[in-house]
Structure formats: structure tokens, C-alpha cells
$ cat target07.pdb   # PDB, C-alpha atoms, pLDDT in the B column
ATOM      1  CA  MET A  14     -35.926 -20.660   7.011  1.00 52.00           C
ATOM      2  CA  ASP A  15     -32.834 -22.617   7.986  1.00 62.00           C
ATOM      3  CA  THR A  16     -30.780 -20.864  10.681  1.00 65.00           C
ATOM      4  CA  GLY A  17     -27.566 -21.488   8.766  1.00 67.00           C
ATOM      5  CA  ASP A  18     -28.987 -19.859   5.638  1.00 73.00           C
ATOM      6  CA  ALA A  19     -30.063 -16.826   7.629  1.00 72.00           C
ATOM      7  CA  GLN A  20     -26.624 -16.472   9.174  1.00 77.00           C
ATOM      8  CA  THR A  21     -24.983 -16.779   5.768  1.00 83.00           C
ATOM      9  CA  ARG A  22     -27.280 -14.106   4.364  1.00 84.00           C
ATOM     10  CA  ARG A  23     -26.554 -11.749   7.262  1.00 84.00           C
ATOM     11  CA  ALA A  24     -22.805 -12.274   6.889  1.00 86.00           C
ATOM     12  CA  ARG A  25     -23.028 -11.527   3.162  1.00 88.00           C
ATOM     13  CA  GLN A  26     -25.058  -8.402   3.818  1.00 90.00           C
ATOM     14  CA  ALA A  27     -22.513  -7.264   6.423  1.00 88.00           C
ATOM     15  CA  ARG A  28     -19.664  -7.714   3.929  1.00 89.00           C
ATOM     16  CA  GLU A  29     -21.569  -5.809   1.270  1.00 91.00           C
ATOM     17  CA  THR A  30     -22.346  -2.970   3.682  1.00 93.00           C
ATOM     18  CA  ARG A  31     -18.704  -2.748   4.754  1.00 92.00           C
ATOM     19  CA  SER A  32     -17.583  -2.719   1.122  1.00 91.00           C
ATOM     20  CA  GLN A  33     -20.082   0.040   0.327  1.00 93.00           C
ATOM     21  CA  ILE A  34     -18.830   2.135   3.244  1.00 94.00           C
ATOM     22  CA  VAL A  35     -15.143   1.701   2.380  1.00 92.00           C
ATOM     23  CA  SER A  36     -15.781   2.597  -1.259  1.00 91.00           C
ATOM     24  CA  ALA A  37     -17.680   5.725  -0.267  1.00 93.00           C
ATOM     25  CA  ALA A  38     -14.988   6.769   2.203  1.00 92.00           C
ATOM     26  CA  GLY A  39     -12.290   6.305  -0.402  1.00 88.00           C
ATOM     27  CA  ARG A  40     -14.083   8.419  -2.976  1.00 90.00           C
ATOM     28  CA  LEU A  41     -14.740  11.271  -0.571  1.00 92.00           C
ATOM     29  CA  MET A  42     -11.323  11.296   1.091  1.00 90.00           C
ATOM     30  CA  VAL A  43      -9.443  11.322  -2.201  1.00 87.00           C
ATOM     31  CA  ARG A  44     -11.732  14.021  -3.589  1.00 89.00           C
ATOM     32  CA  ASP A  45     -12.165  16.268  -0.546  1.00 90.00           C
ATOM     33  CA  GLY A  46      -9.306  15.331   1.783  1.00 87.00           C
ATOM     34  CA  TYR A  47      -9.285  13.692   5.196  1.00 87.00           C
ATOM     35  CA  VAL A  48     -10.221  16.723   7.276  1.00 86.00           C
ATOM     36  CA  ALA A  49     -13.142  17.783   5.106  1.00 89.00           C
ATOM     37  CA  THR A  50     -14.608  14.294   4.939  1.00 92.00           C
ATOM     38  CA  SER A  51     -16.877  13.689   7.909  1.00 93.00           C
ATOM     39  CA  ILE A  52     -18.339  10.406   9.064  1.00 95.00           C
ATOM     40  CA  SER A  53     -21.796  11.835   8.363  1.00 95.00           C
ATOM     41  CA  ALA A  54     -20.770  12.653   4.785  1.00 95.00           C
ATOM     42  CA  ILE A  55     -19.505   9.105   4.328  1.00 95.00           C
ATOM     43  CA  ALA A  56     -22.765   7.777   5.758  1.00 95.00           C
ATOM     44  CA  ALA A  57     -24.762   9.850   3.292  1.00 95.00           C
ATOM     45  CA  GLU A  58     -22.554   8.762   0.376  1.00 95.00           C
ATOM     46  CA  ALA A  59     -22.869   5.104   1.371  1.00 94.00           C
ATOM     47  CA  ASN A  60     -26.574   5.451   2.204  1.00 94.00           C
ATOM     48  CA  VAL A  61     -26.148   4.017   5.705  1.00 95.00           C
ATOM     49  CA  ALA A  62     -26.547   5.300   9.259  1.00 94.00           C
ATOM     50  CA  VAL A  63     -23.568   6.876  10.996  1.00 95.00           C
ATOM     51  CA  GLN A  64     -23.591   4.182  13.681  1.00 95.00           C
ATOM     52  CA  THR A  65     -23.420   1.527  10.979  1.00 95.00           C
ATOM     53  CA  ILE A  66     -20.022   2.900   9.950  1.00 95.00           C
ATOM     54  CA  TYR A  67     -18.684   2.630  13.487  1.00 95.00           C
ATOM     55  CA  ASN A  68     -20.128  -0.868  13.886  1.00 94.00           C
ATOM     56  CA  SER A  69     -18.940  -2.137  10.510  1.00 92.00           C
ATOM     57  CA  VAL A  70     -15.526  -0.471  10.100  1.00 93.00           C
ATOM     58  CA  GLY A  71     -14.739   2.021  12.850  1.00 91.00           C
ATOM     59  CA  ALA A  72     -13.600   5.630  13.039  1.00 89.00           C
ATOM     60  CA  LYS A  73     -11.810   7.576  10.302  1.00 87.00           C
ATOM     61  CA  ALA A  74      -8.404   6.023  11.018  1.00 83.00           C
ATOM     62  CA  GLU A  75      -9.884   2.537  10.631  1.00 88.00           C
ATOM     63  CA  LEU A  76     -11.574   3.632   7.422  1.00 90.00           C
ATOM     64  CA  LEU A  77      -8.214   4.692   5.996  1.00 85.00           C
ATOM     65  CA  ALA A  78      -6.713   1.342   6.939  1.00 82.00           C
ATOM     66  CA  ALA A  79      -9.615  -0.463   5.277  1.00 87.00           C
ATOM     67  CA  ILE A  80      -9.187   1.579   2.096  1.00 85.00           C
ATOM     68  CA  LEU A  81      -5.485   0.683   1.875  1.00 77.00           C
ATOM     69  CA  GLU A  82      -6.285  -2.947   2.632  1.00 77.00           C
ATOM     70  CA  ARG A  83      -8.761  -2.981  -0.242  1.00 75.00           C
ATOM     71  CA  VAL A  84      -6.122  -1.592  -2.603  1.00 69.00           C
ATOM     72  CA  ALA A  85      -3.704  -4.328  -1.571  1.00 59.00           C
ATOM     73  CA  GLU A  86      -6.324  -7.050  -1.989  1.00 60.00           C
ATOM     74  CA  GLN A  87      -7.243  -6.194  -5.570  1.00 56.00           C
ATOM     75  CA  ALA A  88      -6.970  -9.223  -7.786  1.00 45.00           C
ATOM     76  CA  ASP A  89      -3.954  -7.906  -9.691  1.00 49.00           C
ATOM     77  CA  ALA A  90      -2.204  -6.276  -6.719  1.00 47.00           C
ATOM     78  CA  PRO A  91       1.484  -7.269  -6.739  1.00 45.00           C
ATOM     79  CA  GLU A  92       2.135  -7.757  -3.033  1.00 50.00           C
ATOM     80  CA  LEU A  93       5.824  -7.716  -2.133  1.00 50.00           C
ATOM     81  CA  VAL A  94       5.811 -10.446   0.506  1.00 51.00           C
ATOM     82  CA  SER A  95       2.982 -12.564  -0.920  1.00 58.00           C
ATOM     83  CA  ALA A  96       3.625 -16.155  -1.926  1.00 64.00           C
ATOM     84  CA  SER A  97       3.432 -15.216  -5.603  1.00 66.00           C
ATOM     85  CA  MET A  98       6.003 -12.422  -5.246  1.00 68.00           C
ATOM     86  CA  ARG A  99       8.323 -14.630  -3.225  1.00 72.00           C
ATOM     87  CA  LYS A 100       8.121 -17.224  -5.999  1.00 77.00           C
ATOM     88  CA  ARG A 101       8.912 -14.655  -8.666  1.00 78.00           C
ATOM     89  CA  ILE A 102      11.959 -13.542  -6.711  1.00 80.00           C
ATOM     90  CA  ASP A 103      13.015 -17.135  -6.037  1.00 78.00           C
ATOM     91  CA  ASP A 104      12.642 -17.965  -9.737  1.00 80.00           C
ATOM     92  CA  ALA A 105      14.643 -14.925 -10.880  1.00 81.00           C
ATOM     93  CA  ARG A 106      17.743 -15.946 -12.809  1.00 83.00           C
ATOM     94  CA  ASN A 107      20.007 -13.355 -11.236  1.00 88.00           C
ATOM     95  CA  ALA A 108      20.155 -10.296  -8.991  1.00 89.00           C
ATOM     96  CA  SER A 109      19.467  -7.882 -11.859  1.00 90.00           C
ATOM     97  CA  GLU A 110      16.183  -9.643 -12.568  1.00 91.00           C
ATOM     98  CA  ILE A 111      15.194  -9.294  -8.905  1.00 90.00           C
ATOM     99  CA  ILE A 112      15.805  -5.551  -9.201  1.00 92.00           C
ATOM    100  CA  ARG A 113      13.595  -5.403 -12.312  1.00 92.00           C
ATOM    101  CA  ILE A 114      10.789  -7.262 -10.513  1.00 89.00           C
ATOM    102  CA  LEU A 115      11.058  -4.957  -7.512  1.00 89.00           C
ATOM    103  CA  SER A 116      11.121  -1.784  -9.624  1.00 92.00           C
ATOM    104  CA  ALA A 117       8.020  -2.827 -11.558  1.00 89.00           C
ATOM    105  CA  TRP A 118       6.248  -3.650  -8.288  1.00 85.00           C
ATOM    106  CA  CYS A 119       7.111  -0.275  -6.733  1.00 88.00           C
ATOM    107  CA  ALA A 120       5.911   1.591  -9.810  1.00 91.00           C
ATOM    108  CA  VAL A 121       2.555  -0.205  -9.909  1.00 85.00           C
ATOM    109  CA  VAL A 122       1.860   0.017  -6.181  1.00 83.00           C
ATOM    110  CA  ASN A 123       2.949   3.643  -5.830  1.00 88.00           C
ATOM    111  CA  GLU A 124       0.797   4.652  -8.792  1.00 88.00           C
ATOM    112  CA  ARG A 125      -2.206   2.787  -7.414  1.00 82.00           C
ATOM    113  CA  THR A 126      -1.958   4.092  -3.856  1.00 82.00           C
ATOM    114  CA  ALA A 127      -0.777   7.673  -4.502  1.00 84.00           C
ATOM    115  CA  GLY A 128      -4.207   9.218  -3.955  1.00 83.00           C
ATOM    116  CA  ILE A 129      -5.049   7.549  -0.679  1.00 82.00           C
ATOM    117  CA  LEU A 130      -1.495   7.854   0.689  1.00 83.00           C
ATOM    118  CA  ARG A 131      -1.753  11.591   0.141  1.00 85.00           C
ATOM    119  CA  VAL A 132      -4.803  11.456   2.394  1.00 86.00           C
ATOM    120  CA  VAL A 133      -2.860   9.417   4.972  1.00 85.00           C
ATOM    121  CA  ASN A 134      -0.086  12.019   5.062  1.00 85.00           C
ATOM    122  CA  GLU A 135      -2.617  14.812   5.499  1.00 85.00           C
ATOM    123  CA  ALA A 136      -4.423  12.954   8.258  1.00 85.00           C
ATOM    124  CA  ALA A 137      -1.257  11.958  10.121  1.00 87.00           C
ATOM    125  CA  VAL A 138      -0.576  15.626  10.910  1.00 88.00           C
ATOM    126  CA  ILE A 139      -3.746  15.965  12.972  1.00 86.00           C
ATOM    127  CA  ASP A 140      -4.743  12.442  13.961  1.00 85.00           C
ATOM    128  CA  PRO A 141      -2.360  10.470  16.231  1.00 87.00           C
ATOM    129  CA  ASP A 142      -4.053   7.199  15.286  1.00 82.00           C
ATOM    130  CA  VAL A 143      -3.353   7.780  11.610  1.00 83.00           C
ATOM    131  CA  ALA A 144       0.210   8.895  12.399  1.00 87.00           C
ATOM    132  CA  GLU A 145       0.780   5.603  14.203  1.00 86.00           C
ATOM    133  CA  PHE A 146      -0.785   3.713  11.306  1.00 81.00           C
ATOM    134  CA  ALA A 147       1.558   5.472   8.847  1.00 83.00           C
ATOM    135  CA  ARG A 148       4.548   4.640  11.046  1.00 88.00           C
ATOM    136  CA  ARG A 149       3.569   0.960  11.112  1.00 85.00           C
ATOM    137  CA  GLN A 150       3.196   0.980   7.333  1.00 83.00           C
ATOM    138  CA  ASP A 151       6.717   2.331   6.935  1.00 87.00           C
ATOM    139  CA  VAL A 152       8.137  -0.300   9.282  1.00 90.00           C
ATOM    140  CA  THR A 153       6.239  -3.090   7.522  1.00 86.00           C
ATOM    141  CA  ARG A 154       7.536  -1.873   4.170  1.00 86.00           C
ATOM    142  CA  LEU A 155      11.112  -1.835   5.487  1.00 90.00           C
ATOM    143  CA  LEU A 156      10.806  -5.377   6.850  1.00 89.00           C
ATOM    144  CA  GLY A 157       9.435  -6.588   3.534  1.00 86.00           C
ATOM    145  CA  TYR A 158      12.377  -5.102   1.689  1.00 90.00           C
ATOM    146  CA  GLY A 159      14.652  -7.035   4.033  1.00 90.00           C
ATOM    147  CA  GLU A 160      13.440 -10.202   2.315  1.00 87.00           C
ATOM    148  CA  VAL A 161      14.470  -8.785  -1.047  1.00 89.00           C
ATOM    149  CA  SER A 162      17.867  -7.779   0.300  1.00 91.00           C
ATOM    150  CA  THR A 163      18.413 -11.298   1.617  1.00 89.00           C
ATOM    151  CA  ALA A 164      17.395 -12.760  -1.739  1.00 88.00           C
ATOM    152  CA  LEU A 165      19.959 -10.539  -3.450  1.00 89.00           C
ATOM    153  CA  ARG A 166      22.656 -11.776  -1.085  1.00 88.00           C
ATOM    154  CA  THR A 167      21.857 -15.424  -1.811  1.00 86.00           C
ATOM    155  CA  ARG A 168      22.335 -14.682  -5.523  1.00 81.00           C
ATOM    156  CA  ARG A 169      25.714 -13.141  -4.688  1.00 78.00           C
ATOM    157  CA  GLY A 170      24.269  -9.886  -5.921  1.00 81.00           C
ATOM    158  CA  LEU A 171      24.321  -7.667  -2.853  1.00 87.00           C
ATOM    159  CA  ARG A 172      27.348  -5.398  -2.867  1.00 89.00           C
ATOM    160  CA  THR A 173      30.246  -6.511  -0.680  1.00 88.00           C
ATOM    161  CA  GLY A 174      30.264  -4.649   2.619  1.00 90.00           C
ATOM    162  CA  LEU A 175      26.512  -3.874   2.434  1.00 92.00           C
ATOM    163  CA  SER A 176      24.462  -5.629   5.123  1.00 93.00           C
ATOM    164  CA  ASP A 177      20.967  -6.953   4.543  1.00 93.00           C
ATOM    165  CA  HIS A 178      19.615  -4.198   6.802  1.00 94.00           C
ATOM    166  CA  GLU A 179      21.471  -1.518   4.836  1.00 95.00           C
ATOM    167  CA  GLY A 180      20.222  -2.967   1.569  1.00 94.00           C
ATOM    168  CA  ALA A 181      16.637  -2.928   2.862  1.00 94.00           C
ATOM    169  CA  ALA A 182      17.048   0.685   3.986  1.00 96.00           C
ATOM    170  CA  ALA A 183      18.318   1.675   0.516  1.00 95.00           C
ATOM    171  CA  ILE A 184      15.317   0.055  -1.177  1.00 94.00           C
ATOM    172  CA  TRP A 185      12.954   1.665   1.347  1.00 95.00           C
ATOM    173  CA  ALA A 186      14.405   5.136   0.784  1.00 95.00           C
ATOM    174  CA  VAL A 187      14.509   5.036  -3.014  1.00 96.00           C
ATOM    175  CA  GLY A 188      11.180   3.256  -3.451  1.00 93.00           C
ATOM    176  CA  HIS A 189       9.301   5.273  -0.836  1.00 93.00           C
ATOM    177  CA  PRO A 190       5.877   6.552  -1.953  1.00 91.00           C
ATOM    178  CA  GLN A 191       6.913  10.149  -1.233  1.00 91.00           C
ATOM    179  CA  VAL A 192       9.670   9.877  -3.846  1.00 95.00           C
ATOM    180  CA  TYR A 193       7.091   8.692  -6.369  1.00 95.00           C
ATOM    181  CA  ARG A 194       4.738  11.538  -5.478  1.00 92.00           C
ATOM    182  CA  THR A 195       7.479  14.129  -5.863  1.00 95.00           C
ATOM    183  CA  LEU A 196       8.886  12.857  -9.155  1.00 96.00           C
ATOM    184  CA  VAL A 197       5.653  11.786 -10.885  1.00 96.00           C
ATOM    185  CA  LEU A 198       2.848  13.886  -9.414  1.00 93.00           C
ATOM    186  CA  GLU A 199       4.757  17.098  -8.681  1.00 94.00           C
ATOM    187  CA  VAL A 200       7.687  17.203 -11.117  1.00 96.00           C
ATOM    188  CA  GLY A 201       5.775  15.480 -13.908  1.00 96.00           C
ATOM    189  CA  TRP A 202       7.772  12.362 -14.703  1.00 97.00           C
ATOM    190  CA  SER A 203       5.927   9.566 -16.479  1.00 97.00           C
ATOM    191  CA  VAL A 204       5.432   6.311 -14.604  1.00 95.00           C
ATOM    192  CA  THR A 205       7.674   4.628 -17.163  1.00 96.00           C
ATOM    193  CA  ALA A 206      10.467   7.137 -16.542  1.00 97.00           C
ATOM    194  CA  TYR A 207      10.064   6.643 -12.801  1.00 97.00           C
ATOM    195  CA  ARG A 208      10.265   2.858 -13.113  1.00 96.00           C
ATOM    196  CA  GLU A 209      13.372   3.030 -15.312  1.00 97.00           C
ATOM    197  CA  TRP A 210      15.054   5.487 -12.922  1.00 98.00           C
ATOM    198  CA  LEU A 211      14.171   3.290  -9.965  1.00 97.00           C
ATOM    199  CA  GLU A 212      15.707   0.224 -11.599  1.00 96.00           C
ATOM    200  CA  LYS A 213      18.931   2.070 -12.480  1.00 97.00           C
ATOM    201  CA  THR A 214      19.206   3.632  -9.025  1.00 97.00           C
ATOM    202  CA  LEU A 215      18.596   0.396  -7.142  1.00 95.00           C
ATOM    203  CA  HIS A 216      21.022  -1.441  -9.401  1.00 94.00           C
ATOM    204  CA  GLY A 217      23.712   1.159  -8.707  1.00 93.00           C
ATOM    205  CA  SER A 218      23.023   1.228  -4.969  1.00 93.00           C
ATOM    206  CA  LEU A 219      22.786  -2.482  -4.291  1.00 93.00           C
ATOM    207  CA  LEU A 220      24.740  -4.511  -6.841  1.00 90.00           C
TER     208      LEU A 220
END
$ encode --input "target07.pdb" --output "C-alpha cells"
Amino acid sequence: MDTGDAQTRRARQARETRSQIVSAAGRLMVRDGYVATSISAIAAEANVAVQTIYNSVGAKAELLAAILERVAEQADAPELVSASMRKRIDDARNASEIIRILSAWCAVVNERTAGILRVVNEAAVIDPDVAEFARRQDVTRLLGYGEVSTALRTRRGLRTGLSDHEGAAAIWAVGHPQVYRTLVLEVGWSVTAYREWLEKTLHGSLL
């Protein structure tokens, strides 16, 4: 057999094994919680050896990161700072349309990630690695919103006296996943009601 073919086959098998592990970890963590989900349980669910998990993905904190990465990489995932999202914002006719795009994005992403982010919050209390991961996620989100704030300013839409940093902070606070979890999952709002509220609130805060 050609060496190149063998290497290609091994690489494909490694990707499939990793995908199997991440899927299993996601199912168990969302169902049972971070603390109750052991590496051995994930190994049994994925039908692999425990060491394979460490070799392929890593410890539980790395598994959480891989689960969130998978969510973001779904074919229809509307990534805020991706080329496609930047183009949509650039093509927006005015600042109000940018707010509508952003509100729809927040609603979709918060709905999609609510389950695993609940696990992240639980894990951050007891695992310093996960706490650091959550902190980095918050900072990354804030920096991404800075791009939106700048885009609003270029459309003469950002309120006079509001800096780009302040605009980004307002978007971050209102669109934070915890706000979604409280309003939709705990209070019982519909996703549509949440999205409409988000658009009105961001419009009032920024424009």
C-alpha cells in the first residue's frame, strides 16, 4: 500500500475518532453536567479507551472547548467576525439594519449554545482551566463587538458621545448568553420575543 494513502487513512480515522469523542462528551455533559461526567464515562459512550481521549482531545477543559468549537463550525453557524458576517454588516444600508443583523445573530447563537454554556458556567466554579477559558470567551466576544461598534460609527449611527469601546461594552452586556438564559430558559420568553427585545434595546442604547 502506498505510504501516502496509509497516512491519509490514519488522518481520516483520527478525525473521525476525535469527532466521536467530542459528540459523546457533549451529549453526556449537557445531560448529566460537567462534574458528573467522567472521562471514563465519555470513553464508554464513545467506545474508545480513556487514553485515546487524552491523546485525541485532552482533558475535560479541552473537551468543552472542542464542543464549543464544533458548535461554531456548523455549516449554518452565523459567526460574528467571519468574512460572511463582515460582508453582511458592510452591505447593510444603515445602522438600524446592522442592529437587526446583530440581534438575529445573538438570538441564533445563544439558542444554539445555551446547553453547553450552562455546562461551562458550572465547570468554571470548580475548574480553573475552564474558568480561564470562559474568561477568554468573554474577552473575545467583547473584541468582536468592537468591530460592530466601529461599523455603526462609520454609518454615522453610533450615538454622539459614545465611544467604540463603550458601544462594544453595551452590546456585550445586553447580548450576553446569561441574559438569554435568564429571559428565555428561566423566565420563559420565546426566542422571537428575546430577539425583538434585543433589537429594540440595542437600538435605544446605541443609536
$ residues_around --input "target07.pdb" --residues "Leu215 (chain A)" --least-positions-apart "6" --cutoff "8 Å" --atoms "only C-alpha atoms" --output "ChimeraX atom specification"
/A:112,183-184,187
$ resolve_selection --input "target07.pdb" --expression "the PyMOL selection byres ((chain A and resi 50-58) around 8)" --output "MDAnalysis selection string"
chainID A and resid 34 37:38 41:42 45:49 59:63 66 72:73
$ resolve_selection --input "target07.pdb" --expression "the PyMOL selection byres ((chain A and resi 118-124) around 10)" --output "VMD selection string"
chain A and resid 84 to 85 90 to 93 98 112 to 117 125 to 128 130 184 187 to 194 197 to 198 204 to 209 211 to 212
$ write_last_selection --input "target07.pdb" --atoms "C-alpha atoms" --output "CSV table (one decimal), keeping the file's coordinate frame"
chain,number,residue,atom,x,y,z
A,84,VAL,CA,-6.1,-1.6,-2.6
A,85,ALA,CA,-3.7,-4.3,-1.6
A,90,ALA,CA,-2.2,-6.3,-6.7
A,91,PRO,CA,1.5,-7.3,-6.7
A,92,GLU,CA,2.1,-7.8,-3.0
A,93,LEU,CA,5.8,-7.7,-2.1
A,98,MET,CA,6.0,-12.4,-5.2
A,112,ILE,CA,15.8,-5.6,-9.2
A,113,ARG,CA,13.6,-5.4,-12.3
A,114,ILE,CA,10.8,-7.3,-10.5
A,115,LEU,CA,11.1,-5.0,-7.5
A,116,SER,CA,11.1,-1.8,-9.6
A,117,ALA,CA,8.0,-2.8,-11.6
A,125,ARG,CA,-2.2,2.8,-7.4
A,126,THR,CA,-2.0,4.1,-3.9
A,127,ALA,CA,-0.8,7.7,-4.5
A,128,GLY,CA,-4.2,9.2,-4.0
A,130,LEU,CA,-1.5,7.9,0.7
A,184,ILE,CA,15.3,0.1,-1.2
A,187,VAL,CA,14.5,5.0,-3.0
A,188,GLY,CA,11.2,3.3,-3.5
A,189,HIS,CA,9.3,5.3,-0.8
A,190,PRO,CA,5.9,6.6,-2.0
A,191,GLN,CA,6.9,10.1,-1.2
A,192,VAL,CA,9.7,9.9,-3.8
A,193,TYR,CA,7.1,8.7,-6.4
A,194,ARG,CA,4.7,11.5,-5.5
A,197,VAL,CA,5.7,11.8,-10.9
A,198,LEU,CA,2.8,13.9,-9.4
A,204,VAL,CA,5.4,6.3,-14.6
A,205,THR,CA,7.7,4.6,-17.2
A,206,ALA,CA,10.5,7.1,-16.5
A,207,TYR,CA,10.1,6.6,-12.8
A,208,ARG,CA,10.3,2.9,-13.1
A,209,GLU,CA,13.4,3.0,-15.3
A,211,LEU,CA,14.2,3.3,-10.0
A,212,GLU,CA,15.7,0.2,-11.6
$ residues_around --input "target07.pdb" --residues "Arg169 (chain A)" --least-positions-apart "5" --cutoff "10 Å" --atoms "all atoms listed in the file" --output "list in words"
Asn107, Ala108, Thr163, Ala164 and Leu220 of chain A
$ closest_residue --input "target07.pdb" --among "A:Ala136, A:Ile80, A:Val43, A:Leu219" --to "Gly174 (chain A)" --atoms "all atoms listed in the file"
A:Leu219
$ atom_distance --input "target07.pdb" --atom1 "CA of Gly159 (chain A)" --atom2 "CA of Ala144 (chain A)"
23.1 Å
$ atom_distance --input "target07.pdb" --atom1 "CA of Arg101 (chain A)" --atom2 "CA of His178 (chain A)"
21.5 Å
$ atom_distance --input "target07.pdb" --atom1 "CA of Thr195 (chain A)" --atom2 "CA of Ile102 (chain A)"
28.0 Å
$ closest_residue --input "target07.pdb" --among "A:Arg31, A:Ile111, A:Val200, A:Thr214" --to "Thr65 (chain A)" --atoms "only C-alpha atoms"
A:Arg31
$ closest_residue --input "target07.pdb" --among "A:Ala24, A:Tyr67, A:Arg106, A:Trp202" --to "Thr167 (chain A)" --atoms "all atoms listed in the file"
A:Arg106
$ closest_residue --input "target07.pdb" --among "A:Val161, A:Ile139, A:Ala147, A:Ala79" --to "Ala182 (chain A)" --atoms "all atoms listed in the file"
A:Val161
$ residues_around --input "target07.pdb" --residues "Trp185 (chain A)" --least-positions-apart "4" --cutoff "9 Å" --atoms "all atoms listed in the file" --output "PyMOL selection string"
chain A and resi 151+154-155+158+180-181+189
$ closest_residue --input "target07.pdb" --among "A:Ser203, A:Thr30, A:Gln150, A:Ser218" --to "Glu179 (chain A)" --atoms "only C-alpha atoms"
A:Ser218
$ axis_aligned_box --input "target07.pdb" --around "region 76-85 of chain A" --padding-each-side "3 Å" --output "AutoDock Vina command-line options"
--center_x -7.6 --center_y 0.2 --center_z 2.4 --size_x 13.9 --size_y 15.0 --size_z 16.0
